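The file final_30.txt contains compact mmCIF, C-alpha atoms:
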```
# COMPACT_ATOMS: atom_id res chain seq x y z
CA MET A 1 0.00 0.00 0.00
CA ALA A 2 2.83 2.38 0.88
CA GLU A 3 4.62 1.58 -2.38
CA THR A 4 1.43 2.32 -4.34
CA THR A 5 1.04 5.67 -2.60
CA GLN A 6 4.66 6.55 -3.32
CA GLN A 7 4.25 5.64 -6.99
CA ASP A 8 1.12 7.82 -7.18
CA ASP A 9 3.07 10.75 -5.70
CA ILE A 10 5.81 10.29 -8.30
CA LYS A 11 3.29 10.28 -11.16
CA GLN A 12 1.29 13.20 -9.73
CA LYS A 13 1.99 16.56 -11.34
CA SER A 14 3.08 19.41 -9.14
CA MET A 15 4.56 22.87 -9.39
CA LEU A 16 8.14 23.94 -8.62
CA ARG A 17 8.95 27.63 -8.10
CA LEU A 18 12.45 29.13 -8.33
CA ILE A 19 13.54 32.72 -7.69
CA PHE A 20 16.31 34.65 -9.47
CA THR A 21 17.55 38.21 -9.37
CA HIS A 22 16.62 40.73 -12.02
CA GLU A 23 20.13 40.60 -13.51
CA ASP A 24 19.86 36.86 -14.20
CA GLY A 25 16.89 37.34 -16.54
CA GLY A 26 19.06 37.70 -19.62
CA VAL A 27 20.84 34.43 -18.94
CA LEU A 28 17.54 32.62 -18.39
CA ILE A 29 15.66 33.97 -21.40
CA GLY A 30 18.40 34.85 -23.88
CA LYS A 31 18.20 37.04 -26.94
CA ASN A 32 14.73 36.83 -28.47
CA GLY A 33 13.91 34.02 -26.02
CA ARG A 34 16.52 31.66 -27.46
CA HIS A 35 17.59 30.14 -24.14
CA ILE A 36 14.15 29.54 -22.65
CA THR A 37 12.94 28.09 -25.95
CA LYS A 38 15.81 25.61 -25.92
CA LEU A 39 15.01 24.58 -22.34
CA LYS A 40 11.36 24.05 -23.23
CA GLU A 41 12.27 21.91 -26.24
CA THR A 42 14.82 19.72 -24.42
CA THR A 43 12.59 18.98 -21.39
CA SER A 44 9.05 17.68 -21.01
CA ALA A 45 8.12 20.03 -18.14
CA SER A 46 6.07 23.18 -18.59
CA TRP A 47 8.12 26.41 -18.24
CA PHE A 48 7.08 29.92 -17.29
CA VAL A 49 9.36 32.92 -16.60
CA SER A 50 7.80 36.01 -15.06
CA ARG A 51 8.30 39.42 -16.59
CA SER A 52 10.54 41.85 -14.74
CA SER A 53 9.96 45.59 -14.47
CA ASP A 54 11.78 48.17 -12.34
CA GLY A 55 14.34 45.64 -11.14
CA ALA A 56 11.84 43.10 -9.80
CA ASP A 57 12.92 39.51 -9.19
CA ARG A 58 12.39 36.75 -11.76
CA LEU A 59 10.26 33.70 -11.01
CA VAL A 60 10.65 30.43 -12.90
CA VAL A 61 7.60 28.18 -12.53
CA LEU A 62 7.89 24.54 -13.63
CA ARG A 63 4.99 22.09 -13.91
CA GLY A 64 5.20 18.31 -14.31
CA THR A 65 5.87 15.06 -12.50
CA ILE A 66 8.78 14.61 -10.12
CA GLU A 67 10.92 13.05 -12.84
CA GLU A 68 10.06 15.80 -15.34
CA LEU A 69 10.82 18.54 -12.80
CA SER A 70 14.14 17.02 -11.71
CA ASN A 71 15.20 16.66 -15.36
CA ALA A 72 14.23 20.28 -15.98
CA VAL A 73 16.38 21.39 -13.03
CA PHE A 74 19.28 19.36 -14.44
CA ALA A 75 18.91 21.13 -17.80
CA LEU A 76 18.65 24.52 -16.09
CA ALA A 77 21.79 23.92 -14.00
CA GLN A 78 23.66 22.74 -17.08
CA HIS A 79 22.55 25.85 -18.97
CA LEU A 80 23.68 28.16 -16.15
CA GLY A 81 27.05 26.44 -16.06
CA GLU A 82 27.52 26.89 -19.80
CA GLN A 83 26.55 30.57 -19.65
CA ALA A 84 28.67 31.38 -16.58
CA ASP A 85 31.69 32.38 -18.68
CA GLN A 86 29.69 34.34 -21.25
CA SER A 87 27.26 36.23 -18.99
CA ARG A 88 28.05 37.61 -15.54
CA LEU A 89 25.58 36.23 -13.03
CA SER A 90 24.82 37.78 -9.64
CA GLU A 91 27.28 35.33 -7.99
CA PRO A 92 30.03 34.58 -10.51
CA SER A 93 32.49 33.42 -7.86
CA THR A 94 30.63 30.23 -6.93
CA GLN A 95 32.10 27.02 -8.29
CA PHE A 96 28.69 25.41 -8.91
CA PRO A 97 25.41 27.03 -9.94
CA THR A 98 23.14 28.04 -7.08
CA LEU A 99 19.38 27.54 -7.29
CA ARG A 100 16.83 28.94 -4.85
CA PHE A 101 13.53 27.10 -4.55
CA LEU A 102 10.36 28.50 -2.99
CA PHE A 103 8.47 26.14 -0.67
CA PRO A 104 5.45 26.79 1.57
CA THR A 105 6.41 27.33 5.19
CA LYS A 106 4.43 24.28 6.34
CA CYS A 107 6.67 22.04 4.18
CA ILE A 108 9.91 23.25 5.77
CA GLY A 109 9.59 20.91 8.77
CA SER A 110 9.62 17.87 6.49
CA ILE A 111 12.67 19.23 4.67
CA LEU A 112 14.69 20.01 7.80
CA GLY A 113 13.83 16.94 9.81
CA LEU A 114 14.23 16.58 13.56
CA GLY A 115 16.92 19.02 14.64
CA GLY A 116 17.96 19.58 11.02
CA ALA A 117 19.06 15.97 10.61
CA ASN A 118 17.88 15.79 7.00
CA ILE A 119 20.08 18.70 5.92
CA ALA A 120 23.30 17.07 7.13
CA LYS A 121 22.28 13.71 5.68
CA ILE A 122 21.49 15.13 2.22
CA ARG A 123 24.74 17.10 2.12
CA ALA A 124 26.67 13.90 2.71
CA ASP A 125 24.62 11.44 0.62
CA LEU A 126 23.97 13.57 -2.47
CA ASP A 127 27.34 15.37 -2.53
CA VAL A 128 25.80 18.84 -2.27
CA SER A 129 28.25 21.66 -1.65
CA TRP A 130 25.62 23.93 -0.04
CA LEU A 131 22.09 23.35 1.26
CA HIS A 132 20.46 26.03 3.38
CA VAL A 133 16.90 26.94 4.41
CA PHE A 134 16.21 30.61 5.10
CA HIS A 135 15.08 31.28 8.65
CA ASP A 136 12.19 33.65 7.85
CA ALA A 137 9.47 33.60 5.23
CA ILE A 138 9.53 36.16 2.45
CA PRO A 139 7.61 39.27 3.59
CA PHE A 140 3.90 39.30 2.71
CA SER A 141 3.98 35.62 1.72
CA SER A 142 4.05 32.16 3.28
CA GLU A 143 7.01 30.87 1.27
CA ARG A 144 10.60 30.30 2.38
CA ILE A 145 13.75 29.96 0.30
CA VAL A 146 15.65 26.67 0.07
CA GLU A 147 19.11 27.46 -1.33
CA VAL A 148 21.04 24.64 -3.01
CA SER A 149 24.44 24.66 -4.72
CA GLY A 150 26.17 21.75 -6.42
CA SER A 151 26.79 19.95 -9.66
CA GLU A 152 24.06 19.28 -12.22
CA ALA A 153 23.59 15.69 -11.03
CA SER A 154 23.46 16.67 -7.35
CA LEU A 155 20.91 19.43 -8.04
CA GLN A 156 18.79 16.93 -9.94
CA ALA A 157 18.94 14.48 -7.05
CA VAL A 158 18.15 17.16 -4.45
CA THR A 159 15.15 18.34 -6.48
CA SER A 160 13.77 14.80 -6.62
CA TRP A 161 14.31 14.38 -2.87
CA LEU A 162 12.65 17.71 -2.02
CA LEU A 163 9.57 16.86 -4.05
CA GLN A 164 9.28 13.30 -2.73
CA THR A 165 9.69 14.55 0.85
CA THR A 166 6.99 17.22 0.62
CA MET A 167 4.47 15.33 -1.54
CA PRO A 168 1.46 15.11 -1.52
CA GLU A 169 1.03 18.02 0.92
CA LEU A 170 2.96 20.27 -1.45
CA VAL A 171 0.19 20.26 -4.06
CA ASP A 172 -2.51 21.29 -1.56
CA LEU A 173 -0.34 23.89 0.17
CA GLN A 174 0.62 25.53 -3.12
CA GLN A 175 -3.07 26.12 -3.80
CA THR A 176 -3.84 27.59 -0.38
CA SER A 177 -0.60 29.40 0.54
CA THR A 178 0.10 33.07 -0.12
CA VAL A 179 2.68 33.02 -2.90
CA TYR A 180 5.48 35.54 -3.32
CA CYS A 181 4.87 38.30 -5.85
CA PRO A 182 8.19 39.58 -7.28
CA THR A 183 9.37 42.92 -5.88
CA LYS A 184 12.36 45.12 -6.59
CA ASN A 185 15.53 43.69 -5.01
CA GLY A 186 13.41 41.34 -2.88
CA LEU A 187 15.86 38.45 -3.09
CA ARG A 188 18.84 40.66 -2.28
CA GLN A 189 17.12 42.03 0.81
CA MET A 190 16.33 38.52 2.00
CA GLN A 191 19.96 37.48 1.48
CA LEU A 192 21.15 40.52 3.44
CA GLN A 193 18.80 39.73 6.35
CA GLU A 194 19.93 36.10 6.36
CA ARG A 195 23.61 37.13 6.49
CA GLN A 196 22.91 39.55 9.34
CA ARG A 197 21.06 36.86 11.27
CA ALA A 198 23.91 34.39 10.71
CA SER A 199 26.50 36.92 11.91
CA CYS A 200 24.40 37.74 14.99
CA ASP A 201 23.99 34.04 15.83
CA GLN A 202 27.72 33.48 15.43
CA HIS A 203 28.47 36.48 17.65
CA SER A 204 26.02 35.33 20.32
CA ARG A 205 27.52 31.81 20.31
CA HIS A 206 31.01 33.30 20.66
CA THR A 207 29.86 35.58 23.50
CA SER A 208 28.11 32.73 25.31
CA SER A 209 31.20 30.52 25.08
CA SER A 210 33.32 33.38 26.42
CA VAL A 211 30.98 33.91 29.37
CA VAL A 212 30.94 30.20 30.18
CA GLN A 213 34.74 30.10 30.03
CA ALA A 214 34.99 33.15 32.31
CA ASP A 215 32.61 31.54 34.81
CA LYS A 216 34.68 28.35 34.86
CA GLU A 217 37.83 30.34 35.49
CA GLY A 218 36.11 32.40 38.18
CA LEU A 219 35.11 29.30 40.17
CA SER A 220 38.73 28.70 41.10
CA ARG A 221 39.05 32.17 42.68
CA LYS A 222 37.63 33.29 46.05
CA ARG A 223 34.86 35.78 45.58
CA SER A 224 31.76 37.01 47.41
CA HIS A 225 28.62 34.94 47.34
CA SER A 226 26.74 37.58 45.33
CA LEU A 227 27.90 38.70 41.93
CA LEU A 228 26.35 42.11 42.58
CA GLU A 229 28.22 42.62 45.85
CA VAL A 230 25.01 43.10 47.86
CA ASP A 231 26.79 42.34 51.11
CA SER A 232 28.68 45.63 50.92
CA TYR A 233 25.46 47.68 50.90
CA ARG A 234 24.70 49.45 54.22
CA PRO A 235 21.31 51.24 54.51
CA THR A 236 20.85 54.51 56.44
CA SER A 237 19.04 54.65 59.76
CA VAL A 238 15.42 53.77 59.08
CA HIS A 239 12.66 52.87 61.52
CA ARG A 240 8.96 52.15 61.23
CA ASP A 241 6.23 54.20 62.78
CA ALA A 242 3.38 52.23 64.30
CA ASP A 243 0.79 54.57 62.72
CA CYS A 244 2.46 54.79 59.32
CA LYS A 245 2.34 52.30 56.49
CA ARG A 246 5.82 52.99 55.09
CA PRO A 247 9.34 53.29 56.53
CA ARG A 248 10.27 56.82 57.52
CA ARG A 249 13.58 58.49 58.16
CA SER A 250 14.58 60.26 61.31
CA SER A 251 14.71 63.55 59.40
CA ASP A 252 10.93 63.54 58.72
CA ASN A 253 9.05 66.09 60.89
CA THR A 254 5.73 65.52 62.63
CA SER A 255 3.58 67.71 60.35
CA THR A 256 4.84 66.05 57.19
CA ARG A 257 4.36 62.63 58.74
CA SER A 258 0.78 63.35 59.78
CA ALA A 259 -0.11 64.80 56.33
CA LYS A 260 1.34 61.77 54.58
CA HIS A 261 -0.48 59.49 57.00
CA HIS A 262 -3.75 61.27 56.21
CA ARG A 263 -3.27 60.76 52.49
CA SER A 264 -2.31 57.12 52.87
CA SER A 265 -5.35 56.35 55.04
CA ALA A 266 -7.75 57.84 52.49
CA ARG A 267 -9.73 55.18 50.69
CA PRO A 268 -8.78 55.03 47.01
CA GLU A 269 -11.49 55.51 44.43
CA ARG A 270 -12.53 52.55 42.37
CA TYR A 271 -11.40 52.68 38.74
CA VAL A 272 -14.24 52.49 36.25
CA PRO A 273 -13.08 51.95 32.66
CA SER A 274 -14.46 54.34 30.11
CA GLN A 275 -16.58 53.23 27.18
CA ARG A 276 -13.72 54.04 24.83
CA HIS A 277 -11.54 51.24 26.31
CA SER A 278 -14.29 48.67 26.75
CA TYR A 279 -14.14 45.50 24.71
CA THR A 280 -17.18 45.02 22.52
CA ASP A 281 -18.35 42.46 20.03
CA SER A 282 -17.45 44.77 17.15
CA ASN A 283 -13.79 44.74 18.23
CA ARG A 284 -13.82 40.97 18.31
CA HIS A 285 -15.43 40.87 14.85
CA VAL A 286 -12.73 43.10 13.38
CA SER A 287 -9.87 41.13 14.93
CA SER A 288 -11.26 37.80 13.66
CA GLU A 289 -11.12 38.80 9.99
CA GLN A 290 -8.66 36.77 7.94
CA GLN A 291 -7.62 36.39 4.31
CA GLU A 292 -6.51 33.45 2.18
CA LYS A 293 -5.18 33.29 -1.38
CA LEU A 294 -5.59 30.37 -3.77
CA VAL A 295 -3.77 29.71 -7.03
CA VAL A 296 -6.18 28.74 -9.82
CA PRO A 297 -5.23 27.73 -13.40
CA ASP A 298 -6.24 30.37 -15.89
CA SER A 299 -7.86 27.71 -18.09
CA ILE A 300 -10.68 27.14 -15.59
CA ALA A 301 -10.98 30.67 -14.21
CA GLY A 302 -13.79 31.46 -16.63
CA ARG A 303 -15.84 28.46 -15.49
CA LEU A 304 -15.18 29.42 -11.86
CA ILE A 305 -16.70 32.84 -12.52
CA GLY A 306 -19.57 31.46 -14.58
CA ARG A 307 -21.83 33.17 -17.07
CA SER A 308 -22.42 36.76 -15.97
CA GLY A 309 -20.62 35.87 -12.72
CA ASN A 310 -23.40 33.53 -11.56
CA HIS A 311 -21.15 30.75 -10.24
CA LEU A 312 -18.89 33.17 -8.32
CA SER A 313 -21.96 34.91 -6.83
CA SER A 314 -23.29 31.51 -5.75
CA LEU A 315 -20.02 30.72 -3.95
CA LYS A 316 -20.20 34.07 -2.14
CA GLU A 317 -23.78 33.49 -1.00
CA ARG A 318 -23.16 29.91 0.16
CA SER A 319 -20.00 30.74 2.12
CA GLY A 320 -20.69 34.33 3.18
CA ALA A 321 -17.10 35.33 2.32
CA GLN A 322 -15.77 37.91 -0.09
CA ILE A 323 -14.20 36.27 -3.17
CA GLU A 324 -12.15 38.22 -5.71
CA LEU A 325 -10.29 36.95 -8.77
CA SER A 326 -7.13 38.65 -10.04
CA PRO A 327 -7.22 40.03 -13.60
CA ARG A 328 -5.78 38.02 -16.45
CA VAL A 329 -2.07 38.65 -17.17
CA PRO A 330 -0.57 37.80 -20.60
CA ASN A 331 1.64 34.67 -20.63
CA MET A 332 0.59 33.89 -17.04
CA GLN A 333 -0.86 30.42 -16.54
CA ASP A 334 -2.26 31.03 -13.05
CA ARG A 335 -4.62 33.48 -11.42
CA ILE A 336 -4.99 34.30 -7.74
CA VAL A 337 -8.30 34.04 -5.88
CA THR A 338 -8.47 36.18 -2.72
CA VAL A 339 -10.93 35.02 -0.04
CA SER A 340 -11.64 37.22 2.99
CA GLY A 341 -14.05 37.04 5.92
CA ARG A 342 -14.44 35.23 9.21
CA PRO A 343 -12.44 32.00 9.64
CA SER A 344 -15.50 29.80 9.16
CA GLN A 345 -16.53 31.72 6.04
CA VAL A 346 -13.02 31.59 4.55
CA SER A 347 -12.74 27.86 5.25
CA SER A 348 -16.13 27.19 3.64
CA ALA A 349 -15.30 29.31 0.58
CA CYS A 350 -11.92 27.61 0.05
CA ARG A 351 -13.56 24.19 0.28
CA LEU A 352 -16.21 25.16 -2.26
CA ILE A 353 -13.60 26.59 -4.65
CA ARG A 354 -11.46 23.43 -4.48
CA ASP A 355 -14.52 21.24 -5.06
CA SER A 356 -15.44 23.35 -8.08
CA ILE A 357 -11.92 23.08 -9.50
CA ARG A 358 -11.94 19.29 -9.13
CA SER A 359 -15.32 19.06 -10.86
CA PHE A 360 -14.08 21.25 -13.72
CA GLU A 361 -10.92 19.17 -14.15
CA ASP A 362 -12.97 15.94 -14.30
CA LEU A 363 -15.03 17.24 -17.23
```
In structure tokens, what does this structure look like?
Amino acid sequence: MAETTQQDDIKQKSMLRLIFTHEDGGVLIGKNGRHITKLKETTSASWFVSRSSDGADRLVVLRGTIEELSNAVFALAQHLGEQADQSRLSEPSTQFPTLRFLFPTKCIGSILGLGGANIAKIRADLDVSWLHVFHDAIPFSSERIVEVSGSEASLQAVTSWLLQTTMPELVDLQQTSTVYCPTKNGLRQMQLQERQRASCDQHSRHTSSSVVQADKEGLSRKRSHSLLEVDSYRPTSVHRDADCKRPRRSSDNTSTRSAKHHRSSARPERYVPSQRHSYTDSNRHVSSEQQEKLVVPDSIAGRLIGRSGNHLSSLKERSGAQIELSPRVPNMQDRIVTVSGRPSQVSSACRLIRDSIRSFEDL
């Protein structure tokens, strides 16, 4: 039974997303689309490269089975290696090409393993020179970057392992997760944040080891029991008055003491919160609003809307959520459906949309 499920996962088609900098677009596409056309002809996977404007990142979206996607990655790595001497990539000093995959955050646990055991094992078994998972998700999305560097064969093997490890949850999560929309210098900013975090972690580990070493050395020396030297503190002459609720000093006079005693014995007024700070049902309703985004193939977007928008209006009435469909973009195979409302409404709308998509695909 397990072998049958694994074979079904291998034959099931999925989507693989890669991110590149704006400068790498020329190497990917080539003059008049020569490079991307060659990659499409030599592989059986479906290729899509996003357009870049104002320095925005490039996204490469591949569709196919696990074998088709791993072969496409092999061809892409081989192409980048051939073009490394002719075109200057963003990282020309690396010995092997570096690819950065985008995976939903909920798949990262399966990739890392318990305590990151999978990362060390894959580095050793598949002869990968670099395998790293970014600590934070890309802003305004639920995707994280998995950075891999190695030879063409090792990148092909890592791609196959990543897909087999995250399937079949990957297909469902890619439809429900908030995908990354390319922004200007988005990848470079994420790399800068990751380097800063790595340097901070290294500094904190070095500082902690230094403190531990200093404590070990200090145990051999005689020192006071308190590290703050509390024993050396000597308070001034203070005594308590039987009629007063606080310690008083000998310099306090009688009139001041009686006035302070009168204020302290006064009964405090009870605090009554104003209406402006009260918690109402409307506040709870606002805080419970949530939003989900689904990726829908452009080929069935028209049927999802229906004639004169009848099917989309029916989904809104049945779920009670707000459903909006992104406009059609040339050469873009997917469209984004935004669902907003209360959690129960959003969950109901997403379920209805997925059921509709499955019924359309069966036709």
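For the pair CA of Lys316 (chain A) and CA of Leu173 (chain A), the separation is 22.4 Å.
When CA of Ser14 (chain A) is paired with CA of Arg63 (chain A), their separation reads 5.8 Å.
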Next on the checklist: When you look at Leu131 (chain A) with a cut-off of 9 Å (counting all atoms listed in the file), what residues show up, excluding the ones that are within fewer than 6 positions of it in the same chain? I need them as a ChimeraX atom specification.
Outcome noted: /A:119-120,122-123,146-150
Checklist outcome for this item: Of A:Ala137, A:Leu18, A:Ser177, A:Asn185, the one sitting nearest Asp54 (chain A) when using only C-alpha atoms is A:Asn185
Checklist entry - What lies within 10 Å of Thr183 (chain A) using all atoms listed in the file, ignoring chain neighbours under 3 positions off, as a VMD selection string? => result chain A and resid 22 52 to 58 180 186 to 187
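Atom pair CA of Ser359 (chain A) / CA of Val61 (chain A) has a distance of 24.7 Å (rounded to one decimal).
When only C-alpha atoms are used to compute distances to Gln290 (chain A), the closest of the residues A:Ala117, A:Val339, A:Ile305, A:Cys200 turns out to be A:Val339.
Taking all atoms listed in the file into account, Ile323 (chain A) lies nearest to A:Lys293 out of the set A:Arg34, A:Lys106, A:His135, A:Lys293.
Nearest-residue note for Pro327 (chain A): choosing from A:Gln12, A:Asp298, A:Glu361, A:Trp161, the minimum distance belongs to A:Asp298, counting only C-alpha atoms.
For the choices A:Glu292, A:Arg17, A:Asp24, A:Ile29, the atom-to-atom distance to Cys181 (chain A) is smallest for A:Arg17 when using only C-alpha atoms.
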Checklist entry - With all atoms listed in the file as the atoms that count, which of A:Val158, A:Gly30, A:Val128, A:Ala349 lies nearest to Leu69 (chain A)? => result A:Val158
